[in-house]
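Heads up, my_file.cif below (mmCIF, C-alpha atoms, pLDDT in the B column; chains and numbers go by the auth columns):
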data_structure
loop_
_atom_site.group_PDB
_atom_site.id
_atom_site.type_symbol
_atom_site.label_atom_id
_atom_site.label_comp_id
_atom_site.label_asym_id
_atom_site.label_seq_id
_atom_site.Cartn_x
_atom_site.Cartn_y
_atom_site.Cartn_z
_atom_site.B_iso_or_equiv
_atom_site.auth_seq_id
_atom_site.auth_asym_id
ATOM 1 C CA MET A 1 8.592 18.311 8.378 91.00 1 C
ATOM 2 C CA LEU A 2 7.802 17.134 4.858 95.00 2 C
ATOM 3 C CA ILE A 3 7.460 13.437 4.029 97.00 3 C
ATOM 4 C CA LYS A 4 7.184 12.138 0.481 98.00 4 C
ATOM 5 C CA ALA A 5 5.080 8.978 0.582 98.00 5 C
ATOM 6 C CA ILE A 6 4.228 6.589 -2.237 98.00 6 C
ATOM 7 C CA THR A 7 1.904 3.621 -2.546 98.00 7 C
ATOM 8 C CA PHE A 8 2.703 1.099 -5.274 98.00 8 C
ATOM 9 C CA ASN A 9 1.168 -2.295 -6.044 98.00 9 C
ATOM 10 C CA ILE A 10 4.191 -4.027 -7.600 98.00 10 C
ATOM 11 C CA GLN A 11 2.379 -7.224 -8.674 96.00 11 C
ATOM 12 C CA HIS A 12 5.296 -9.287 -7.221 96.00 12 C
ATOM 13 C CA CYS A 13 7.776 -7.414 -9.456 96.00 13 C
ATOM 14 C CA SER A 14 6.012 -8.677 -12.570 96.00 14 C
ATOM 15 C CA VAL A 15 6.366 -6.393 -15.595 97.00 15 C
ATOM 16 C CA PHE A 16 3.007 -5.510 -17.155 95.00 16 C
ATOM 17 C CA PRO A 17 1.921 -6.935 -19.531 86.00 17 C
ATOM 18 C CA THR A 18 4.742 -9.448 -20.213 92.00 18 C
ATOM 19 C CA GLY A 19 4.520 -11.134 -16.803 92.00 19 C
ATOM 20 C CA LYS A 20 8.316 -11.329 -16.533 94.00 20 C
ATOM 21 C CA ILE A 21 9.739 -10.742 -13.042 94.00 21 C
ATOM 22 C CA ASP A 22 12.394 -8.017 -13.187 96.00 22 C
ATOM 23 C CA PHE A 23 13.876 -6.918 -9.853 95.00 23 C
ATOM 24 C CA ASP A 24 16.279 -4.463 -11.462 96.00 24 C
ATOM 25 C CA ALA A 25 13.492 -2.598 -13.270 97.00 25 C
ATOM 26 C CA PHE A 26 11.438 -2.239 -10.099 98.00 26 C
ATOM 27 C CA ALA A 27 14.484 -1.199 -8.056 98.00 27 C
ATOM 28 C CA ALA A 28 15.318 1.471 -10.626 97.00 28 C
ATOM 29 C CA LYS A 29 11.729 2.732 -10.560 97.00 29 C
ATOM 30 C CA ILE A 30 11.747 2.914 -6.758 98.00 30 C
ATOM 31 C CA ARG A 31 15.071 4.779 -6.708 97.00 31 C
ATOM 32 C CA SER A 32 13.657 7.306 -9.171 97.00 32 C
ATOM 33 C CA PHE A 33 10.876 8.225 -6.731 97.00 33 C
ATOM 34 C CA GLY A 34 13.211 9.864 -4.221 97.00 34 C
ATOM 35 C CA ALA A 35 10.570 9.041 -1.613 98.00 35 C
ATOM 36 C CA ASP A 36 10.882 8.794 2.163 98.00 36 C
ATOM 37 C CA VAL A 37 8.315 6.018 2.674 98.00 37 C
ATOM 38 C CA ILE A 38 7.053 3.568 0.056 98.00 38 C
ATOM 39 C CA GLY A 39 4.194 1.177 0.738 98.00 39 C
ATOM 40 C CA LEU A 40 4.185 -1.927 -1.468 98.00 40 C
ATOM 41 C CA ASN A 41 1.367 -4.356 -2.204 98.00 41 C
ATOM 42 C CA GLU A 42 1.511 -7.852 -3.726 98.00 42 C
ATOM 43 C CA VAL A 43 4.968 -8.659 -2.380 98.00 43 C
ATOM 44 C CA ARG A 44 6.543 -12.092 -1.982 96.00 44 C
ATOM 45 C CA GLY A 45 8.495 -13.113 1.104 94.00 45 C
ATOM 46 C CA GLU A 46 11.092 -15.868 1.087 90.00 46 C
ATOM 47 C CA GLY A 47 9.380 -19.124 0.147 87.00 47 C
ATOM 48 C CA ILE A 48 10.208 -22.794 -0.183 85.00 48 C
ATOM 49 C CA ARG A 49 10.018 -22.611 -3.964 83.00 49 C
ATOM 50 C CA GLU A 50 13.382 -21.905 -5.546 78.00 50 C
ATOM 51 C CA ASP A 51 11.944 -19.078 -7.640 81.00 51 C
ATOM 52 C CA TYR A 52 9.982 -17.554 -4.729 84.00 52 C
ATOM 53 C CA GLU A 53 12.347 -14.903 -3.373 88.00 53 C
ATOM 54 C CA ALA A 54 12.241 -12.334 -0.568 93.00 54 C
ATOM 55 C CA GLN A 55 11.316 -9.404 -2.782 96.00 55 C
ATOM 56 C CA ALA A 56 11.164 -6.618 -0.176 96.00 56 C
ATOM 57 C CA ALA A 57 14.605 -7.550 1.123 96.00 57 C
ATOM 58 C CA PHE A 58 15.987 -7.633 -2.391 95.00 58 C
ATOM 59 C CA LEU A 59 14.489 -4.248 -3.322 97.00 59 C
ATOM 60 C CA ALA A 60 15.715 -2.707 -0.057 97.00 60 C
ATOM 61 C CA GLU A 61 19.245 -3.933 -0.711 96.00 61 C
ATOM 62 C CA LYS A 62 19.225 -2.478 -4.229 96.00 62 C
ATOM 63 C CA THR A 63 17.754 0.888 -3.204 97.00 63 C
ATOM 64 C CA GLY A 64 19.343 1.548 0.188 96.00 64 C
ATOM 65 C CA TYR A 65 16.090 1.559 2.187 98.00 65 C
ATOM 66 C CA ALA A 66 15.239 -0.227 5.401 98.00 66 C
ATOM 67 C CA TYR A 67 12.271 -2.559 4.994 98.00 67 C
ATOM 68 C CA TYR A 68 9.618 -4.615 6.740 98.00 68 C
ATOM 69 C CA PHE A 69 7.556 -7.397 5.165 98.00 69 C
ATOM 70 C CA ALA A 70 4.082 -8.249 6.492 98.00 70 C
ATOM 71 C CA LYS A 71 2.779 -11.663 5.526 97.00 71 C
ATOM 72 C CA ALA A 72 -0.937 -11.822 4.763 97.00 72 C
ATOM 73 C CA THR A 73 -1.204 -15.341 3.354 96.00 73 C
ATOM 74 C CA ASP A 74 0.671 -18.153 1.608 93.00 74 C
ATOM 75 C CA VAL A 75 0.598 -18.923 -2.115 90.00 75 C
ATOM 76 C CA GLY A 76 0.508 -22.644 -1.738 84.00 76 C
ATOM 77 C CA GLU A 77 2.257 -23.988 1.345 85.00 77 C
ATOM 78 C CA GLY A 78 5.302 -22.073 2.538 89.00 78 C
ATOM 79 C CA ASN A 79 5.295 -19.193 0.050 93.00 79 C
ATOM 80 C CA PRO A 80 4.400 -15.970 1.924 95.00 80 C
ATOM 81 C CA TYR A 81 2.612 -13.094 0.226 97.00 81 C
ATOM 82 C CA GLY A 82 1.565 -9.702 1.539 97.00 82 C
ATOM 83 C CA ASN A 83 2.572 -6.073 1.962 98.00 83 C
ATOM 84 C CA ALA A 84 5.877 -4.327 2.617 98.00 84 C
ATOM 85 C CA VAL A 85 7.251 -0.915 3.448 98.00 85 C
ATOM 86 C CA LEU A 86 10.522 0.687 2.413 98.00 86 C
ATOM 87 C CA THR A 87 11.662 3.610 4.555 98.00 87 C
ATOM 88 C CA ARG A 88 14.653 5.884 4.801 97.00 88 C
ATOM 89 C CA LEU A 89 13.226 7.498 7.939 97.00 89 C
ATOM 90 C CA PRO A 90 14.034 5.689 11.202 97.00 90 C
ATOM 91 C CA ALA A 91 11.154 3.597 12.530 97.00 91 C
ATOM 92 C CA LYS A 92 10.674 2.601 16.153 96.00 92 C
ATOM 93 C CA ALA A 93 8.086 -0.144 15.626 97.00 93 C
ATOM 94 C CA PHE A 94 6.661 -2.483 13.003 98.00 94 C
ATOM 95 C CA GLU A 95 3.662 -4.763 13.346 98.00 95 C
ATOM 96 C CA THR A 96 1.705 -7.189 11.167 98.00 96 C
ATOM 97 C CA ILE A 97 -1.994 -7.015 12.024 98.00 97 C
ATOM 98 C CA PRO A 98 -4.180 -9.798 10.556 98.00 98 C
ATOM 99 C CA VAL A 99 -7.494 -8.890 8.949 98.00 99 C
ATOM 100 C CA PRO A 100 -10.065 -11.531 9.993 97.00 100 C
ATOM 101 C CA ASP A 101 -11.526 -13.614 7.194 97.00 101 C
ATOM 102 C CA PRO A 102 -15.303 -13.179 6.778 96.00 102 C
ATOM 103 C CA VAL A 103 -17.220 -16.066 8.348 95.00 103 C
ATOM 104 C CA PRO A 104 -19.360 -17.118 6.641 94.00 104 C
ATOM 105 C CA ARG A 105 -18.386 -15.818 3.220 95.00 105 C
ATOM 106 C CA GLN A 106 -21.213 -13.817 1.717 93.00 106 C
ATOM 107 C CA TYR A 107 -20.146 -13.800 -1.934 95.00 107 C
ATOM 108 C CA ASN A 108 -19.047 -16.239 -4.624 92.00 108 C
ATOM 109 C CA GLY A 109 -15.939 -14.304 -5.651 91.00 109 C
ATOM 110 C CA TYR A 110 -12.273 -15.030 -4.928 95.00 110 C
ATOM 111 C CA TYR A 111 -11.266 -14.656 -1.270 96.00 111 C
ATOM 112 C CA GLU A 112 -7.766 -14.162 0.120 96.00 112 C
ATOM 113 C CA THR A 113 -6.589 -13.486 3.673 97.00 113 C
ATOM 114 C CA ARG A 114 -5.309 -9.934 4.105 98.00 114 C
ATOM 115 C CA CYS A 115 -3.303 -7.961 6.665 98.00 115 C
ATOM 116 C CA LEU A 116 -2.454 -4.467 7.825 98.00 116 C
ATOM 117 C CA LEU A 117 1.199 -3.433 8.065 98.00 117 C
ATOM 118 C CA LYS A 118 1.745 -0.866 10.823 98.00 118 C
ATOM 119 C CA MET A 119 4.913 1.227 11.049 98.00 119 C
ATOM 120 C CA THR A 120 5.551 4.010 13.546 98.00 120 C
ATOM 121 C CA LEU A 121 8.334 6.466 12.787 97.00 121 C
ATOM 122 C CA GLU A 122 10.673 7.729 15.495 95.00 122 C
ATOM 123 C CA LYS A 123 10.609 11.388 14.450 89.00 123 C
ATOM 124 C CA PRO A 124 8.203 12.735 13.492 91.00 124 C
ATOM 125 C CA GLU A 125 6.039 10.209 15.328 93.00 125 C
ATOM 126 C CA VAL A 126 3.720 9.279 12.475 97.00 126 C
ATOM 127 C CA THR A 127 2.022 5.907 12.090 98.00 127 C
ATOM 128 C CA PHE A 128 1.795 4.414 8.604 98.00 128 C
ATOM 129 C CA PHE A 129 -0.674 1.696 7.673 98.00 129 C
ATOM 130 C CA ILE A 130 -0.050 -0.216 4.443 98.00 130 C
ATOM 131 C CA THR A 131 -2.710 -2.617 3.231 98.00 131 C
ATOM 132 C CA HIS A 132 -4.314 -4.322 0.245 98.00 132 C
ATOM 133 C CA PHE A 133 -8.062 -4.845 0.524 98.00 133 C
ATOM 134 C CA GLY A 134 -9.784 -7.975 -0.719 97.00 134 C
ATOM 135 C CA LEU A 135 -12.163 -7.983 -3.668 97.00 135 C
ATOM 136 C CA ASN A 136 -15.381 -8.735 -1.795 97.00 136 C
ATOM 137 C CA PRO A 137 -17.391 -6.233 0.274 96.00 137 C
ATOM 138 C CA ASP A 138 -17.280 -8.377 3.436 97.00 138 C
ATOM 139 C CA GLU A 139 -13.472 -8.619 3.184 97.00 139 C
ATOM 140 C CA GLN A 140 -13.284 -4.852 2.761 98.00 140 C
ATOM 141 C CA GLU A 141 -15.604 -4.223 5.702 97.00 141 C
ATOM 142 C CA ASN A 142 -13.375 -6.368 7.946 98.00 142 C
ATOM 143 C CA ALA A 143 -10.293 -4.499 6.706 98.00 143 C
ATOM 144 C CA VAL A 144 -11.816 -1.090 7.496 98.00 144 C
ATOM 145 C CA LYS A 145 -12.894 -2.241 10.948 97.00 145 C
ATOM 146 C CA THR A 146 -9.362 -3.526 11.624 98.00 146 C
ATOM 147 C CA LEU A 147 -7.899 -0.199 10.503 98.00 147 C
ATOM 148 C CA LEU A 148 -10.246 1.899 12.617 96.00 148 C
ATOM 149 C CA ASP A 149 -9.614 -0.301 15.661 96.00 149 C
ATOM 150 C CA HIS A 150 -5.886 0.536 15.433 97.00 150 C
ATOM 151 C CA LEU A 151 -5.994 4.103 14.086 95.00 151 C
ATOM 152 C CA GLY A 152 -5.849 6.252 17.217 89.00 152 C
ATOM 153 C CA ASP A 153 -5.840 10.061 17.245 89.00 153 C
ATOM 154 C CA GLY A 154 -2.240 10.898 16.325 94.00 154 C
ATOM 155 C CA PRO A 155 -0.805 11.672 12.888 97.00 155 C
ATOM 156 C CA ALA A 156 -1.423 8.694 10.606 98.00 156 C
ATOM 157 C CA VAL A 157 -1.205 7.726 6.953 98.00 157 C
ATOM 158 C CA LEU A 158 -3.075 4.898 5.223 98.00 158 C
ATOM 159 C CA MET A 159 -1.708 3.723 1.869 98.00 159 C
ATOM 160 C CA GLY A 160 -2.573 0.918 -0.479 98.00 160 C
ATOM 161 C CA ASP A 161 -4.579 -0.765 -3.195 98.00 161 C
ATOM 162 C CA LEU A 162 -8.042 -0.750 -1.653 98.00 162 C
ATOM 163 C CA ASN A 163 -9.831 -2.423 -4.594 98.00 163 C
ATOM 164 C CA ALA A 164 -12.642 0.084 -4.207 97.00 164 C
ATOM 165 C CA THR A 165 -13.639 3.166 -6.179 95.00 165 C
ATOM 166 C CA PRO A 166 -14.369 6.516 -4.471 93.00 166 C
ATOM 167 C CA ASP A 167 -18.136 5.867 -4.455 94.00 167 C
ATOM 168 C CA SER A 168 -17.719 2.682 -2.412 96.00 168 C
ATOM 169 C CA PRO A 169 -19.269 2.494 1.088 96.00 169 C
ATOM 170 C CA VAL A 170 -15.948 1.328 2.550 96.00 170 C
ATOM 171 C CA ILE A 171 -14.175 4.426 1.202 96.00 171 C
ATOM 172 C CA ALA A 172 -16.931 6.562 2.736 97.00 172 C
ATOM 173 C CA LYS A 173 -16.309 4.830 6.071 97.00 173 C
ATOM 174 C CA ILE A 174 -12.581 5.651 5.932 97.00 174 C
ATOM 175 C CA LYS A 175 -13.345 9.265 5.013 96.00 175 C
ATOM 176 C CA GLU A 176 -15.314 9.660 8.236 95.00 176 C
ATOM 177 C CA LYS A 177 -11.949 9.522 10.055 95.00 177 C
ATOM 178 C CA MET A 178 -9.322 10.386 7.426 96.00 178 C
ATOM 179 C CA THR A 179 -8.754 12.657 4.426 95.00 179 C
ATOM 180 C CA ASP A 180 -8.177 11.412 0.886 95.00 180 C
ATOM 181 C CA ALA A 181 -4.893 13.030 -0.159 94.00 181 C
ATOM 182 C CA ALA A 182 -6.012 13.134 -3.784 91.00 182 C
ATOM 183 C CA GLU A 183 -8.831 15.522 -2.912 86.00 183 C
ATOM 184 C CA ALA A 184 -6.255 18.107 -1.863 76.00 184 C
ATOM 185 C CA GLY A 185 -4.775 18.208 -5.373 62.00 185 C
ATOM 186 C CA GLU A 186 -5.884 20.201 -8.364 55.00 186 C
ATOM 187 C CA ARG A 187 -7.525 17.156 -9.955 55.00 187 C
ATOM 188 C CA GLY A 188 -9.672 16.365 -6.968 53.00 188 C
ATOM 189 C CA ASP A 189 -10.163 12.623 -6.595 55.00 189 C
ATOM 190 C CA ALA A 190 -9.654 11.799 -10.295 72.00 190 C
ATOM 191 C CA LEU A 191 -6.219 10.229 -9.900 91.00 191 C
ATOM 192 C CA LEU A 192 -6.769 7.041 -11.887 94.00 192 C
ATOM 193 C CA SER A 193 -4.262 4.276 -11.209 96.00 193 C
ATOM 194 C CA PHE A 194 -5.491 1.036 -12.799 97.00 194 C
ATOM 195 C CA PRO A 195 -4.832 -0.533 -15.253 96.00 195 C
ATOM 196 C CA SER A 196 -1.510 1.208 -15.752 96.00 196 C
ATOM 197 C CA ASP A 197 -1.535 1.166 -19.566 95.00 197 C
ATOM 198 C CA ASN A 198 -4.964 2.820 -19.804 94.00 198 C
ATOM 199 C CA PRO A 199 -6.194 3.753 -16.319 94.00 199 C
ATOM 200 C CA ASP A 200 -9.944 4.010 -15.957 94.00 200 C
ATOM 201 C CA ARG A 201 -10.447 3.722 -12.190 94.00 201 C
ATOM 202 C CA LYS A 202 -9.104 4.979 -8.895 96.00 202 C
ATOM 203 C CA ILE A 203 -8.400 2.115 -6.481 97.00 203 C
ATOM 204 C CA ASP A 204 -5.009 3.149 -5.015 97.00 204 C
ATOM 205 C CA TYR A 205 -5.167 5.648 -2.153 97.00 205 C
ATOM 206 C CA ILE A 206 -3.239 7.696 0.365 97.00 206 C
ATOM 207 C CA PHE A 207 -5.309 8.887 3.338 97.00 207 C
ATOM 208 C CA THR A 208 -4.151 11.119 6.166 97.00 208 C
ATOM 209 C CA GLY A 209 -5.360 11.561 9.722 95.00 209 C
ATOM 210 C CA GLY A 210 -4.429 13.848 12.568 93.00 210 C
ATOM 211 C CA ALA A 211 -2.036 16.799 12.238 93.00 211 C
ATOM 212 C CA ILE A 212 -0.936 16.225 8.642 96.00 212 C
ATOM 213 C CA LYS A 213 -1.402 18.602 5.724 95.00 213 C
ATOM 214 C CA VAL A 214 -1.326 17.369 2.126 95.00 214 C
ATOM 215 C CA LYS A 215 0.914 19.576 0.005 94.00 215 C
ATOM 216 C CA THR A 216 0.733 17.675 -3.306 93.00 216 C
ATOM 217 C CA CYS A 217 -0.705 14.439 -4.642 94.00 217 C
ATOM 218 C CA ARG A 218 -0.127 12.930 -8.071 93.00 218 C
ATOM 219 C CA ILE A 219 0.046 9.772 -10.158 94.00 219 C
ATOM 220 C CA ILE A 220 3.568 8.865 -11.286 95.00 220 C
ATOM 221 C CA PRO A 221 3.487 7.982 -15.007 94.00 221 C
ATOM 222 C CA GLY A 222 5.223 5.058 -16.669 94.00 222 C
ATOM 223 C CA VAL A 223 3.968 1.502 -17.085 96.00 223 C
ATOM 224 C CA LEU A 224 5.855 -1.125 -15.082 97.00 224 C
ATOM 225 C CA SER A 225 3.388 -2.908 -12.793 98.00 225 C
ATOM 226 C CA ASP A 226 -0.312 -3.182 -13.648 97.00 226 C
ATOM 227 C CA HIS A 227 -0.866 -0.295 -11.184 98.00 227 C
ATOM 228 C CA LEU A 228 0.545 3.228 -11.384 97.00 228 C
ATOM 229 C CA PRO A 229 2.262 4.564 -8.253 98.00 229 C
ATOM 230 C CA LEU A 230 0.531 7.307 -6.266 97.00 230 C
ATOM 231 C CA GLU A 231 2.643 9.953 -4.536 96.00 231 C
ATOM 232 C CA ALA A 232 1.766 12.472 -1.826 96.00 232 C
ATOM 233 C CA THR A 233 3.938 15.101 -0.175 96.00 233 C
ATOM 234 C CA LEU A 234 2.799 15.424 3.416 96.00 234 C
ATOM 235 C CA GLU A 235 3.568 18.097 6.005 96.00 235 C
ATOM 236 C CA VAL A 236 3.537 16.876 9.587 96.00 236 C
ATOM 237 C CA LEU A 237 2.344 19.812 11.679 92.00 237 C
#

Using structure tokens, write down the structure that the file contains.
Amino acid sequence: MLIKAITFNIQHCSVFPTGKIDFDAFAAKIRSFGADVIGLNEVRGEGIREDYEAQAAFLAEKTGYAYYFAKATDVGEGNPYGNAVLTRLPAKAFETIPVPDPVPRQYNGYYETRCLLKMTLEKPEVTFFITHFGLNPDEQENAVKTLLDHLGDGPAVLMGDLNATPDSPVIAKIKEKMTDAAEAGERGDALLSFPSDNPDRKIDYIFTGGAIKVKTCRIIPGVLSDHLPLEATLEVL
């Protein structure tokens, strides 16, 4: 069976570079993908602020997908923020797995609590992990450990903005267990995704594990978020 999967950091539906939130534009973009599973990063859940809306629910309603939102943290008190998945394939389980904060913090940079969204499809029985790594190496190390602790041996897909370039030690750690879908394409791993108006680095990934073959992998053009979407067509063997 073929599954078209996409990872897309939507920057809370903020149009780049104007900063204006535009649900209709992002819904139209998502519909144009024709994808089976879409992993989203930087997504707002329903908050206490009047302008802080349940974005995954809204996008799902406009596009006809089922959805699950995984809260990683709050922006201020009572305004959830995290990852989401949109799927048109039936799922039998969803789970939000917290990524432990580094204690103590080893760097002076910005820290933010992260999570791993886990979805298991009914048929084919494939597990998807959607995540957004932190900016600091100790955050990323905790995220990789959390992933590997939950990975298992069956067919699996990891998607997300990992905030790390291909030469990073954390990417090397993932590649010990999984395959970078981009490396199966004609362009190798040079699928640059950020910033969307003039991409100069690869930080968005789709990895596969178990009995999955990558048929195609490509960047989807067109500036909307500050990241470009990454698409892979996967064959579950």

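One distance worth recording is that between CA of Lys29 (chain C) and CA of Leu2 (chain C), which is 21.5 Å.
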
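Interatomic distance, CA of Thr233 (chain C) to CA of Val157 (chain C): 11.5 Å.
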
Which of C:Ser14, C:Thr7, C:Asn83, C:Asn136 sits closest to Gly45 (chain C) [using all atoms listed in the file] | C:Asn83

Pull out every residue that the PyMOL selection byres ((chain C and resi 71) around 12) matches in the shown coordinates and put them as a ChimeraX atom specification.
-> /C:41-47,54,56,68-70,72-75,78-85,95-99,113-117,130-132

For the structure shown, which residues end up in the PyMOL selection byres ((chain C and resi 206) around 9)? Put them as a PDB file with C-alpha atoms, in the frame of the given file, please?
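Result file is out.pdb:
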ATOM      1  CA  ALA C   5       5.080   8.978   0.582  1.00 98.00           C
ATOM      2  CA  ILE C   6       4.228   6.589  -2.237  1.00 98.00           C
ATOM      3  CA  THR C   7       1.904   3.621  -2.546  1.00 98.00           C
ATOM      4  CA  VAL C 157      -1.205   7.726   6.953  1.00 98.00           C
ATOM      5  CA  LEU C 158      -3.075   4.898   5.223  1.00 98.00           C
ATOM      6  CA  MET C 159      -1.708   3.723   1.869  1.00 98.00           C
ATOM      7  CA  GLY C 160      -2.573   0.918  -0.479  1.00 98.00           C
ATOM      8  CA  THR C 179      -8.754  12.657   4.426  1.00 95.00           C
ATOM      9  CA  ASP C 180      -8.177  11.412   0.886  1.00 95.00           C
ATOM     10  CA  ALA C 181      -4.893  13.030  -0.159  1.00 94.00           C
ATOM     11  CA  ALA C 182      -6.012  13.134  -3.784  1.00 91.00           C
ATOM     12  CA  ASP C 204      -5.009   3.149  -5.015  1.00 97.00           C
ATOM     13  CA  TYR C 205      -5.167   5.648  -2.153  1.00 97.00           C
ATOM     14  CA  PHE C 207      -5.309   8.887   3.338  1.00 97.00           C
ATOM     15  CA  THR C 208      -4.151  11.119   6.166  1.00 97.00           C
ATOM     16  CA  CYS C 217      -0.705  14.439  -4.642  1.00 94.00           C
ATOM     17  CA  LEU C 230       0.531   7.307  -6.266  1.00 97.00           C
ATOM     18  CA  GLU C 231       2.643   9.953  -4.536  1.00 96.00           C
ATOM     19  CA  ALA C 232       1.766  12.472  -1.826  1.00 96.00           C
TER      20      ALA C 232
END

Computed gap from CA of Glu122 (chain C) to CA of Ala91 (chain C) is 5.1 Å

Hits from the PyMOL selection byres ((chain C and resi 86) around 9), listed as an MDAnalysis selection string = chainID C and resid 36:40 56 59:60 65:68 84:85 87:88

Could you give me, as a PyMOL selection string, the residues within 10 Å of Asp24 (chain C), counting all atoms listed in the file and dropping anything in the same chain fewer than 4 positions from it?
-> chain C and resi 13+28-30+58-59+62-63

Now that the selection is made, can you save its residues with C-alpha atoms as a PDB file, in the frame of the given file?
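Output file result_22.pdb is given in full below:
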ATOM      1  CA  CYS C  13       7.776  -7.414  -9.456  1.00 96.00           C
ATOM      2  CA  ALA C  28      15.318   1.471 -10.626  1.00 97.00           C
ATOM      3  CA  LYS C  29      11.729   2.732 -10.560  1.00 97.00           C
ATOM      4  CA  ILE C  30      11.747   2.914  -6.758  1.00 98.00           C
ATOM      5  CA  PHE C  58      15.987  -7.633  -2.391  1.00 95.00           C
ATOM      6  CA  LEU C  59      14.489  -4.248  -3.322  1.00 97.00           C
ATOM      7  CA  LYS C  62      19.225  -2.478  -4.229  1.00 96.00           C
ATOM      8  CA  THR C  63      17.754   0.888  -3.204  1.00 97.00           C
TER       9      THR C  63
END

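Among the candidates C:Val236, C:Ile171, C:Ala190, C:Ile10, the residue lying nearest to Ala25 (chain C) is C:Ile10 (atoms considered: all atoms listed in the file).
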
Taking 2 positions as the minimum chain separation for residues in the same chain, which residues sit within 10 Å of Glu235 (chain C) when counting all atoms listed in the file? Answer as a PDB file with C-alpha atoms, keeping the file's coordinate frame.
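So the final result, stored in selection-v1.pdb, reads:
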ATOM      1  CA  MET C   1       8.592  18.311   8.378  1.00 91.00           C
ATOM      2  CA  LEU C   2       7.802  17.134   4.858  1.00 95.00           C
ATOM      3  CA  ILE C   3       7.460  13.437   4.029  1.00 97.00           C
ATOM      4  CA  LYS C   4       7.184  12.138   0.481  1.00 98.00           C
ATOM      5  CA  ALA C 211      -2.036  16.799  12.238  1.00 93.00           C
ATOM      6  CA  ILE C 212      -0.936  16.225   8.642  1.00 96.00           C
ATOM      7  CA  LYS C 213      -1.402  18.602   5.724  1.00 95.00           C
ATOM      8  CA  VAL C 214      -1.326  17.369   2.126  1.00 95.00           C
ATOM      9  CA  LYS C 215       0.914  19.576   0.005  1.00 94.00           C
ATOM     10  CA  THR C 216       0.733  17.675  -3.306  1.00 93.00           C
ATOM     11  CA  ALA C 232       1.766  12.472  -1.826  1.00 96.00           C
ATOM     12  CA  THR C 233       3.938  15.101  -0.175  1.00 96.00           C
ATOM     13  CA  LEU C 237       2.344  19.812  11.679  1.00 92.00           C
TER      14      LEU C 237
END

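For the set C:Ile174, C:Gly19, C:Ser168, C:Phe133, the residue with the smallest atom-to-atom gap to Leu148 (chain C) is C:Ile174, counting all atoms listed in the file.
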
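Proximity of C:Asp161, C:His150, C:Lys173, C:Ile48 to Asn9 (chain C), computed with only C-alpha atoms, is greatest for C:Asp161.
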